[in-house]
Amino acid sequence: MVFDLKGIYKDYMQGKDPVPVLKDITLSVDEGEYVAIMGPSGSGKSTLMNIIGCLDKQTSGDFTFDGTDVMQCTDRQLSEIRNAKIGFVFQNFNLLPRQSALENVELPLLYAGVPKKQRRERAIEALKRVGLEDRMDFKPTQLSGGQKQRVAIARAIVNKPRLLLADEPTGALDTKSGDQVMELFKELNEEGATIVMITHEPDIAKCAKRIMYIRDGQIYTGAFNTRAAQAEKEAQAAETKQEGTEQA
Amino acid sequence: MFENVRLSLQGILSHKIRSFLTMLGIIIGIAAIIAIVSIIEGTKETIKKNLIGAGNNTVQIRLMQGDYAYEPGYMQGGENVRVIADSYKDRIKALDEVERCTLYRQREYVDNFYYKNKSLQGITLLGIDADYLETAGLDVAQGVAFSEKQHKEFTKVALIDENVARSTFDGEDPVGKIIDISGEPFTVVGVVTKRSGFEPTINSVEDYYTYNKTSGGQVLIPTEDWSICFQYDEPQHCIIQAKNTDSMTTAGKKAADILNENVRVNTASSETEDSAEAAAEFAMMKLEYKSESLLEQAKALQDLSQSTNKMLIWIASISLLVGGIGVMNIMLVSVTERTREIGLKKALGARKRTILSQFLTEASVLTSIGGLIGVLTGIGLASIIANLLETPVAISGKAVAISVAFSIVVGIVFGLLPSIKASNLNPIDALRYE
Ligand SMILES: Nc1ncnc2c1ncn2[C@@H]1O[C@H](COP(=O)(O)OP(=O)(O)OP(=O)(O)O)[C@@H](O)[C@H]1O
Ligand SMILES: [Mg+2]
């Protein structure tokens, strides 16, 4: 098991009153899984991802990551978990603008204390993995959106993390670049990476092996009557149809 | 660390104008300090050189009235100071620290001085004993010094210095000429000059500044002749030559103590009522021998220039403080601007300490570059001032090193608050920051 959430609540303080954002979330993800989390805007997907990513702490409930009780961790231990066990991919890439692609990919290794030569080798390897070995010395401003996201993915996988966390990785990309990224995720998953991905788009979500719905801070298991769920249902229907035609 | 410095430099170079403006306070502060220190050092060097030049270890022991040199013209109290007997002089000479000793009388601005019909103003008249020339570092350039006989027998002879020779005799040979002091005829037997390597002698703070201004010159007569010109024997001053530079202060103090015994004997010897009153009056005059060594005077001089310069250094430090606050201000802005970057780095596993050291390095790289520019500007400034004021400057390596170290410290101190702020940012808030 990579991580395990049990009865997680998260409140934000709005002035003096706590506003519940996550309510009783229970979810566990195993090695090699590929999970998509869907839900309407403001439903708490990013909040959930931040907790899973050890960037934020839950208000109550149990969260174990790779066997460690995250609530008990010191600031420093959390940094180490984030550095060694989690790879983040953000919607807006979050690359350092003044550093080259290679330097950006090296960053997690720098914090892990890997010697310079090895750092370089491993970063190059990761960039090759995402197919950008010819763009290593480019600055982010000289790269396209899809390329930037691939650099970000290289950065996320360079430490060989236990979990790849992606918050709307295709949100800022056109369909073609988005598909490339999804292709990459699929391959990485096939190579053994555990992936949790947040998305709005049913087309993207269906790349995952398992889809979860969140609504108003709760895992939604009822009838598909939200718009996103509707879309998902349609997508599934379309897929079965497509499969049907392929078979025919 | 090295990586941090490289990244800091990259950051500084990418905001050239902003970085320069941030550094400006530091640059001005350090430049001012370097310039001031260079000038102080330069002055010190000059004083030291002068002292080495003067270096015959003489100490003046003057009769003082309160804080001022005793002037017989102003108050007639000097009559009551007993003439210093030879026994006192012998005791001073016998001191371990003392090489030579001379007693002399002195009057400044003697105006009843004539050669033929020419009246001369501003002459300093000295009544000297046989040890004076050697102790005070004077050589006889023309003619001869006083003989022992001339000292003893009231022969009315005089020595003149070059200033008097020039202004009074105008190229004539002064030896053998008769001059008129207080209505008495004196025969000039020689011309004295200050021994080379002896100059310039700093006798007082005023001397230092007015050294090169021409004085009326000196006329020397045997001290025994003093009562011929003036009606009584005036109190004597003393110059001793110490065995070495280190013993100057002790020698001066010991000699002054011996001379003061003479002053006190005078007070104590008054036994009758009448003279007791006179003694009390005498005590009121606060006459006392005090030693002034060149070293001490030079030190006083140095202290004087240093105290004004200390003030300037304070001003420069305030400018450094303002510079430091400027650095802090810009660093705080920079932390706010880079909130997302900090959040991202934390998400990638950067520890608090990593972020802290990154920002501290940035602040101190910024200020040390400012410090270096400041040092260069300061050196330039010092040489410009040196050219304008014709004062010497000495650039001290120590001051440069301290300045650069100090500017790094300023960076660390004033970078601390912004750096702590950066390292304490919550990664979530930082990543969400728009
Ligand atoms: N720091 C915060 N303080 C107060 N409320 C917050 C804070 N962060 C998030 N929220 C609230 O929590 C709710 C969930 O936010 P979250 O970012 O998790 O939504 P989301 O599902 O990721 O939405 P989107 O799909 O638009 O990204 C929102 O209503 C938001 O207003
Ligand atoms: Mg979100």
# chains A, B, ... in the order shown; residues from 1 in each chain; ligands from 1
>>> interface_residues(of="chain B", to="chain A", cutoff="9 Å", atoms="only C-alpha atoms", output="list in words")
Gln10, Gly11, Ser14, Arg340, Glu341, Leu344, Lys345, Lys346, Ala347, Leu348, Gly349, Ala350, Arg351, Lys352, Thr354, Asn426, Pro427, Ile428 and Leu431 of chain B
>>> residues_around(residues="Ile25 of chain A", least_positions_apart="4", cutoff="8 Å", atoms="only C-alpha atoms", output="list in words")
Leu5, Lys6, Gly7, Ile8, Tyr9, Gly217, Gln218 and Ile219 of chain A
>>> residues_near_ligand(ligand="ligand 2", cutoff="9 Å", atoms="only C-alpha atoms and all ligand atoms", output="list in words")
Ser41, Gly42, Ser43, Gly44, Lys45, Ser46, Thr47, Met49, Gln91, Asp167, Glu168, Ile198 and Thr199 of chain A
>>> closest_residue(among="A:Thr194, A:Asn104, A:Ser28, A:Ser60", to="Ala152 of chain A", atoms="only C-alpha atoms")
A:Asn104
>>> atom_distance(atom1="atom CA of Tyr12 of chain A", atom2="atom CA of Thr339 of chain B")
20.7 Å
>>> residues_around(residues="Ala422 of chain B", least_positions_apart="3", cutoff="7 Å", atoms="only C-alpha atoms", output="ChimeraX atom specification")
/B:335,355-356,418-419,425
>>> residues_around(residues="segment 136-139 of chain A", least_positions_apart="4", cutoff="6 Å", atoms="only C-alpha atoms", output="list in words")
Ser100, Ala101 and Leu102 of chain A
